[in-house]
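Asks: I have a structure here, written as structure tokens, and I will follow up with some questions on it.
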Amino acid sequence: MAQILSAALSIGFHGLAFAMVLYLISVGLSVTMGLMGFVNLAHGVFAMAGGYVMTGLMSRLGLPFALALAIAVTGVALASVVFERLLYRRFYGGAELDQVLLTMGLIFISVAVAKHFFGSQAQAMQPPLALSGRIDLAGRDFPAYRGFLILCGAALVTALWLGLERTRFGAQIRAAVDNLRMAQSVGIDTSLLFTFAFALGSGLAALGGGLGADILAIDPNYALENLVYFLIVVAVGGLGSIRGPFLAALLLGIGDTAFKYLLPEFGAFFIYAIAMGILLWRPRGLFGRA
Amino acid sequence: MATARPVRAGLSGPAAASRDPVESFVRRHRSRPLEALPWLIAIACYFAFPDYDALGAQIFATILFALSLDLVLGYAGIVTLGHAAFFGTGAYAAGLLAAHGWGEPLTGLCIAAIVAGLLGLATGALILRTTGLSLLMQTLVVSVMLYEAANKARPITGGDDGLQGMQVWPIFGRLPFDLFGRTAYWYCLAILFLGWLMARQIVHSAFGRSLVGMRENPARMHALGAPVGRRRLILYTIAAALAGIAGALIAQITQVVGLSSLGLDRSGAVLIMLIIGGVGRLYGAFIGVPLYMIAQDRFAELDPTEWYFWIGLLMVLVVLFARGGVLGLVQSRLRQ
Amino acid sequence: MRLRGGFGKQGWVAAAALAGSAVALPPVAQIAAAQTVKVGIILSYSGSFAEQGEEIDRGLKLYLKEHEKDLPPGVKVELVTRDDTGPNPELAKRLAQELITREHVQLLAGEVLSPNAAAIAPLTAEAKVPFVLMNAAGVSIPRMSPYVVRVSFTQWQMSMPMGEWAAENGIKSAHIAVTDFIAGHDAEGGFTKGFTDHGGKILGTTYFPVTNPDYVPLLQRIKDAKPEAVFMFMPGGKQATAAMKAWSDLGMKEAGIKLVTLQDVMIDDELPNMGELPLGVVSSGSYSTAANRPANKAFLAMWNQEYGPQAIPDFFTIGGWDGMAAIVDLVKATKGKFTADEAMDFLKNWKNPDSPRGPIMIDPNTRDIIQNIYIRRVEKQDDGKLANIEFATFPMVKDPWKELNPPK
């Protein structure tokens with residue numbers, strides 16, 4: 001009995017950490033797809049960029065963890081604004097195929113650029129000493145860094161939800177997702193809104209990429225390798241929603257960890273089957289609105 | 001409904017547009033001698049480039065694959081990221097047959113078509129009820145699940161290591177598959193021709209036209225009483241079978257099947273090739289596939305990172321400046 | 001409503017485009033001059049195995065560069081490289097086919113991955129082209145074609161001595177944890193045989209998934225079983241680093257669990273990324289960058305001059321180096337003119353007493369490699385860096401799997 005509880009605790013802990021990373025990266029994608037109607041397959045590139053900038057600053061310039069992370073997040077968010085203004089906004093509400101082709105092209109370019117500047121090896125990430133080591137929970141040791149990930153994730157999720165519910169910006173986003181034309185006719189500057197939302201989403205992705213470099217290794221194939229995970233979180237969670245992807249990330253993170261612990265030979269098969277089941281039951285996702 | 005006028009008079013052959021809708025319909029869809037040109041070129045290439053038969057055969061099989069995707073994507077409007085599921089299923093079906101003692105190629109193709117078609121029918125019935133992102137995701141998840149299942153079923157499929165030990169018999173007992181790919185070249189060209197005839201038939205038929213209607217305005221088609229769901233499913237099944245044949249072709253001419261025939265990379269690559277050529281125009285596959293595969297072949301000698309960069313750049317440029325692919329570009333030029 | 005008319009015009013355009021792209025093809029390859037030996041190299045230059053492919057590529061190119069002057073006058077070796085992009089047996093086979101029929105190579109070499117090499121092997125038999133395997137470690141590949149010779153290693157060759165050493169040095173029981181693919185199963189088989197033959201007991205086995213493994217929950221489960229030691233094996237590179245991180249995060253060492261592994265996990269060029277984690281880990285391997293022998297010192301000097309002082313070669317590199325050595329020796333001995341059978345006669349009797357990894361030779365019966373297998377421990381060197389220090393040797397080990405499984 002104690003064995004089972006212990007195993008459950010372990011699965012819950014590691015699954016939660018993984019779920020947080022997935023959520024941080026995917027929530028921006030959900031907003032982008034729900035708000036702007038833009039299938040951004042290249043979303044993982046922003047997460048990857050965040051990871052590369054952070055690890056690069058830490059290893060080449062010796063910057064401390066928090067500072068490197070902050071620079072990475074703001075840098076990627078700003079860069080994403082450039083992308084959004086120059087490239088993406090031409091395709092809002094347009095044909096899905098165009099968006100798929102554009103973003104896949106961007107992924108390919110990112111693979112080549114990452115390989116060119118950083119080589120094929122995965123970037124090593126050493127968490128700061130304060131966060132390394134182990135913590136003791138109910139008689140078991142857990143890596144402290146993962147605990148940090150969970151706390152960080154929880155704090156961010158709360159901030160996001162509060163932001164969505166309580167701020168004006170949040171209200172504007174909710175309005176635009178529900179009914180874009182109406183939102184425009186009451187005077188919301190949707191163009192500016194899109195840019196901000198996109199920057200926020202990309203910044204969060206960079207945060208997830210940097211924080212999660214331990215779990216999802218930063219290498220040139222990052223955006224391609226993890227694309228399926230991000231898309232599943234968004235599709236299962238529901239577009240344009242902030243809560244939906246959280247639930248989906250929990251399911252995916254804990255489920256994946258559970259299956260890998262209990263039935264490692266089956267890989268990701270069951271996770272995909274569950275995702276499929278949910279999509280068949282609720283094609284719009286669990287909390288989908290768009 | 002008012003008299004139907006050909007929308008693009010400049011492209012419909014004789015300039016004088018007839019008022020009779022039946023006659024203009026027939027004229028538009030009659031075979032034209034110029035349509036023989038791609039085939040003549042394929043035949044000429046055999047003699048002009050004797051060392052490239054293996055590549056040529058692979059190009060023909062991939063054109064068939066892209067053609068099947070065009071039916072689904074361009075005519076029925078189903079955006080799918082998982083079309084390789086059918087390609088890979090066909091490949092493994094033909095591969096398993098050949099690896100377990102029955103290496104006759106033509107029956108192998110038939111069985112591959114049936115198996116892939118059944119898969120298309122089953123999954124289509126399940127997922128074609130939705131549209132948009134949800135459908136896209138479901139096609140992706142189906143193919144990814146299949147990939148994992150094939151990986152798990154290592155004793156049957158060989159898993160990561162690929163299906164080895166295929167012995168494919170000579171065609172009609174007389175024409176063996178040789179090292180240089182000569183037999184493969186003609187074999188794939190012939191099957192492509194048959195597949196193309198079939199696709200062309202579908203597209204020009206009333207069934208095909210109704211599909212375009214369903215894509216453009218499903219509500220109206222429903223109102224007209226057209227069985228939208230059923231027709232899409234039938235087309236999806238046929239396209240799945242064609243994709244299965246393409247997969248079987250590749251399996252038979254290379255005599256090995258790998259997991260990559262089921263993967264996202266394969267679905268993505270064929271989608272890219274088709275979009276570059278031009279979707280929904282039947283000939284997009286004939287342009288996009290050779291362009292992509294020959295470019296990739298040429299780039300093989302250089303740093304492969306460069307390939308990713310250039311193809312990525314090409315994709316972005318096509319989307320920005322040549323929506324509708326090469327054929328779309330040409331069409332808009334001709335219209336001016 | 002958009003109607004698609006005018007297929008005739010479109011057909012014409014399609015034909016023109018096809019013709020245009022066909023013209024972009026270069027003229028048919030000139031037949032190589034009799035004194036140029038063309039070698040087709042197939043490696044992974046992109047995808048998840050690009051690191052390994054690059055190391056092999058550097059090794060073989062460096063050897064050729066240093067020894068070009070030793071070739072007979074007028075004889076050149078020309079390399080034609082192709083990228084198999086990772087585990088992709090059908091692409092690898094097609095590339096080999098093209099190298100043989102289009103580029104008219106006289107030799108094939110390379111291949112990181114066993115599935116790809118296994119797909120290529122039957123082709124070499126049909127076309128009669130010798131294939132120098134520089135890495136792919138699948139045990140039965142040399143049996144698939146009489147034209148395959150391997151210079152790298154097999155997992156049985158690595159893991160059986162590791163099992164034997166473990167049993168003879170105080171480890172009575174072990175848990176096995178390997179990745180669920182052929183190399184993993186080979187490693188498991190070899191270790192089990194070596195370990196149990198010398199009195200050890202296997203407590204249990206865990207299989208890691210091949211893609212995206214999260215080692216923490218997997219290792220947690222093993223920790224719960226409280227074994228005395230764990231034999232762990234996974235592909236080298238980022239997976240190995242992730243596993244070592246997990247090992248440390250979970251406090252396996254503090255719990256008293258010993259780790260024995262293979263050189264793939266303690267790969268020399270990943271050691272700097274692992275911090276202090278691998279200190280004390282014992283592994284078996286064919287090559288360590290820190291080896292003291294003069295041939296290695298000479299090799300390192302050339303290597304660092306070519307690729308910079310920060311570049312670290314590993315056992316993949318040596319596979320490329322020794323493979324090219326075999327090819328260059330062949331060309332020297334035959335003055336660049338040889339039939340496939342003459343080449344195989346030479347290659348299967350080839351020896352290199354002076355390889356950076358020590359003396360190696362090919363077994364003429366199996367066409368596989370015979371080499372020293374070293375037991376190493378990760379220790380800190382004077383400059384503060386960690387390295388695999390060889391402290392025990394199993395001399396001239398043949399591939400045990402083939403010894404135990406003679407051809408029927």
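Letters for chains follow the order of the structure tokens (A, B, ...), residue numbers begin at 1 for each chain, and ligand numbers begin at 1 in the order shown.
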Step one, run DSSP on the backbone; step two, keep only residues of region 66-283 of chain B assigned to strand (DSSP E or B); then write them as a PyMOL selection string.

Replies: chain B and resi 163+171+175+257

Asks: Write out as a PDB file with C-alpha atoms, in the first residue's frame each polymer residue whose atoms come within 6 Å of region 100-115 of chain C, counting only C-alpha atoms; drop sequence neighbours fewer than 6 positions from it.

Replies:
```
ATOM      1  CA  ASP B  51      21.617   7.005 -64.041  1.00  0.00           C
ATOM      2  CA  ASP B 161      15.169  -1.260 -37.498  1.00  0.00           C
TER       3      ASP B 161
ATOM      4  CA  LYS C  38      35.842   6.842 -55.174  1.00  0.00           C
ATOM      5  CA  VAL C  39      34.512   6.100 -51.722  1.00  0.00           C
ATOM      6  CA  GLY C  40      30.862   6.699 -50.904  1.00  0.00           C
ATOM      7  CA  ILE C  41      30.324   7.839 -47.296  1.00  0.00           C
ATOM      8  CA  ILE C  42      26.829   7.571 -45.845  1.00  0.00           C
ATOM      9  CA  LEU C  43      26.398   9.170 -42.420  1.00  0.00           C
ATOM     10  CA  PRO C  89      16.555   2.483 -43.778  1.00  0.00           C
ATOM     11  CA  VAL C 129      30.803  -3.311 -53.472  1.00  0.00           C
ATOM     12  CA  PRO C 130      32.813  -3.554 -50.235  1.00  0.00           C
ATOM     13  CA  PHE C 131      31.276  -1.721 -47.280  1.00  0.00           C
ATOM     14  CA  VAL C 132      33.476  -0.558 -44.406  1.00  0.00           C
ATOM     15  CA  LEU C 133      31.190  -0.167 -41.405  1.00  0.00           C
ATOM     16  CA  MET C 134      32.476   2.650 -39.248  1.00  0.00           C
ATOM     17  CA  ASN C 135      29.963   2.522 -36.443  1.00  0.00           C
ATOM     18  CA  ALA C 136      26.736   0.551 -36.768  1.00  0.00           C
ATOM     19  CA  GLY C 138      24.258  -4.620 -34.943  1.00  0.00           C
TER      20      GLY C 138
END
```

Asks: Select, as number ranges by chain, those residues of chain A with any atom no more than 8 Å from chain B (distances computed using only C-alpha atoms).

Replies: A: 96-98, 101-113, 115-116, 231-232, 235, 265-269, 272-273, 275-276, 279-280, 283-285

Asks: Counting only C-alpha atoms, which of C:Met144, C:Phe208, C:Ala343, C:Ala298 gets nearest to Pro407 (chain C)?

Replies: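 Closest residue, counting only C-alpha atoms: C:Met144.
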
Asks: As a PyMOL selection string, which residues of region 62-287 of chain A does DSSP assign to alpha helix (DSSP H)?

Replies: chain A and resi 65-86+96-118+144-166+168-178+180-185+190-211+222-225+227-237+243-262+269-281

Asks: When you look at Leu192 (chain B) with a cut-off of 9 Å (counting only C-alpha atoms), what residues show up, excluding the ones that are within fewer than 5 positions of it in the same chain? I need them as an NGL selection string.

Replies: :B and (60-61 or 63-64 or 187 or 197 or 246)

Asks: Excluding region 346-358 of chain C and any residue of its chain fewer than 3 positions from it, enumerate the residues within 6 Å of it, using only C-alpha atoms, and give them as a PDB file with C-alpha atoms, in the first residue's frame.

Replies:
```pdb
ATOM      1  CA  TYR C 287      38.471   4.130 -26.738  1.00  0.00           C
ATOM      2  CA  ALA C 295      49.510   6.551 -30.824  1.00  0.00           C
ATOM      3  CA  ASN C 296      46.714   8.371 -29.030  1.00  0.00           C
ATOM      4  CA  ALA C 343      39.474  -5.681 -51.703  1.00  0.00           C
ATOM      5  CA  MET C 361      42.530  -6.397 -36.315  1.00  0.00           C
ATOM      6  CA  ILE C 362      39.753  -7.836 -38.413  1.00  0.00           C
ATOM      7  CA  PRO C 364      38.925 -13.103 -41.272  1.00  0.00           C
ATOM      8  CA  ARG C 367      34.819  -9.836 -40.932  1.00  0.00           C
TER       9      ARG C 367
END
```

Asks: Quick check: residues of chain C within 6 Å of chain A, only C-alpha atoms, returned as a short mmCIF file (atom, residue, chain, number, x, y, z; two decimals) with N, CA and C atoms, in the first residue's frame.

Replies:
```
data_model
loop_
_atom_site.label_atom_id
_atom_site.label_comp_id
_atom_site.auth_asym_id
_atom_site.auth_seq_id
_atom_site.Cartn_x
_atom_site.Cartn_y
_atom_site.Cartn_z
N GLU C 51 25.25 14.61 -34.32
CA GLU C 51 26.51 14.71 -33.55
C GLU C 51 27.43 13.56 -33.87
N PRO C 209 11.95 3.94 -23.12
CA PRO C 209 11.48 4.21 -24.49
C PRO C 209 12.56 4.89 -25.32
N PRO C 217 11.16 9.51 -13.59
CA PRO C 217 10.25 8.48 -13.06
C PRO C 217 10.75 7.06 -13.31
N LEU C 218 11.44 6.86 -14.44
CA LEU C 218 11.91 5.52 -14.75
C LEU C 218 12.96 5.07 -13.74
N LYS C 238 22.63 13.55 -25.62
CA LYS C 238 21.75 14.22 -24.66
C LYS C 238 20.96 13.25 -23.80
N ASP C 249 19.92 13.56 -9.44
CA ASP C 249 18.78 14.21 -8.78
C ASP C 249 18.08 13.28 -7.81
N ASN C 273 29.66 18.33 -20.12
CA ASN C 273 28.30 18.80 -19.86
C ASN C 273 27.69 18.19 -18.63
#
```

Asks: With distances taken over only C-alpha atoms, which residue among C:Ala92, C:Ala166, C:Val282, C:Ala387 lies nearest chain B?

Replies: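 Closest residue, counting only C-alpha atoms: C:Ala92.
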
Asks: Env of region 254-258 of chain C: 10 Å cut, atoms = only C-alpha atoms, seq-sep filter 3 positions within chain, self excluded. Answer as a VMD selection string.

Replies: chain C and resid 171 174 223 226 to 231 247 to 248 250 to 251 280 to 282

Asks: Restricted to N, CA and C atoms, what would the selected residues look like written as a compact mmCIF listing (two decimals), in the first residue's frame?

Replies:
```
# COMPACT_ATOMS: atom_id res chain seq x y z
N ILE C 171 30.44 -7.20 -7.21
CA ILE C 171 29.02 -6.93 -7.42
C ILE C 171 28.30 -8.27 -7.60
N ALA C 174 22.54 -7.33 -9.89
CA ALA C 174 22.38 -6.09 -10.63
C ALA C 174 21.00 -6.01 -11.27
N LYS C 223 15.03 2.71 -8.27
CA LYS C 223 15.53 3.02 -6.92
C LYS C 223 14.66 2.34 -5.87
N LYS C 226 15.68 -1.03 -4.86
CA LYS C 226 16.92 -1.09 -4.07
C LYS C 226 17.91 -2.15 -4.54
N PRO C 227 18.36 -2.10 -5.80
CA PRO C 227 19.36 -3.07 -6.23
C PRO C 227 20.75 -2.67 -5.75
N GLU C 228 21.69 -3.60 -5.81
CA GLU C 228 23.06 -3.30 -5.40
C GLU C 228 23.74 -2.47 -6.48
N ALA C 229 23.43 -2.83 -7.72
CA ALA C 229 24.05 -2.11 -8.82
C ALA C 229 23.07 -2.06 -9.99
N VAL C 230 23.30 -1.09 -10.86
CA VAL C 230 22.49 -0.97 -12.07
C VAL C 230 23.41 -0.95 -13.28
N PHE C 231 23.10 -1.80 -14.26
CA PHE C 231 23.78 -1.70 -15.54
C PHE C 231 22.87 -0.90 -16.45
N TRP C 247 19.92 10.46 -12.44
CA TRP C 247 20.62 9.60 -11.48
C TRP C 247 21.05 10.41 -10.27
N SER C 248 21.59 11.58 -10.55
CA SER C 248 22.07 12.42 -9.46
C SER C 248 20.91 13.04 -8.71
N LEU C 250 18.07 12.00 -8.14
CA LEU C 250 17.34 11.06 -7.30
C LEU C 250 18.20 10.52 -6.17
N GLY C 251 19.48 10.93 -6.15
CA GLY C 251 20.33 10.48 -5.05
C GLY C 251 20.64 9.00 -5.09
N GLY C 280 33.51 8.66 -10.75
CA GLY C 280 33.50 7.32 -10.16
C GLY C 280 32.75 6.27 -10.96
N VAL C 281 32.07 6.66 -12.01
CA VAL C 281 31.29 5.67 -12.77
C VAL C 281 32.24 4.78 -13.58
N VAL C 282 31.97 3.47 -13.53
CA VAL C 282 32.79 2.50 -14.25
C VAL C 282 32.10 2.14 -15.55
```

Asks: So what do you get for CA of Val233 (chain A) versus CA of Ala248 (chain A), distance-wise?

Replies: 5.2 Å

Asks: Counting only C-alpha atoms, which residue out of C:Asp57, C:Glu379, C:Asp341, C:Asp224 sits closest to Ala290 (chain C)?

Replies: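 That would be C:Glu379, the residue with the smallest distance to Ala290 (chain C).
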
Asks: Would you list the contacts of region 163-175 of chain A as a ChimeraX atom specification, taking every protein, DNA or RNA residue within 9 Å and counting only C-alpha atoms, but skipping same-chain residues closer than 4 positions in sequence?

Replies: /A:31,35,158-159,179-180,182-183,188,190,193-194,197,240-242
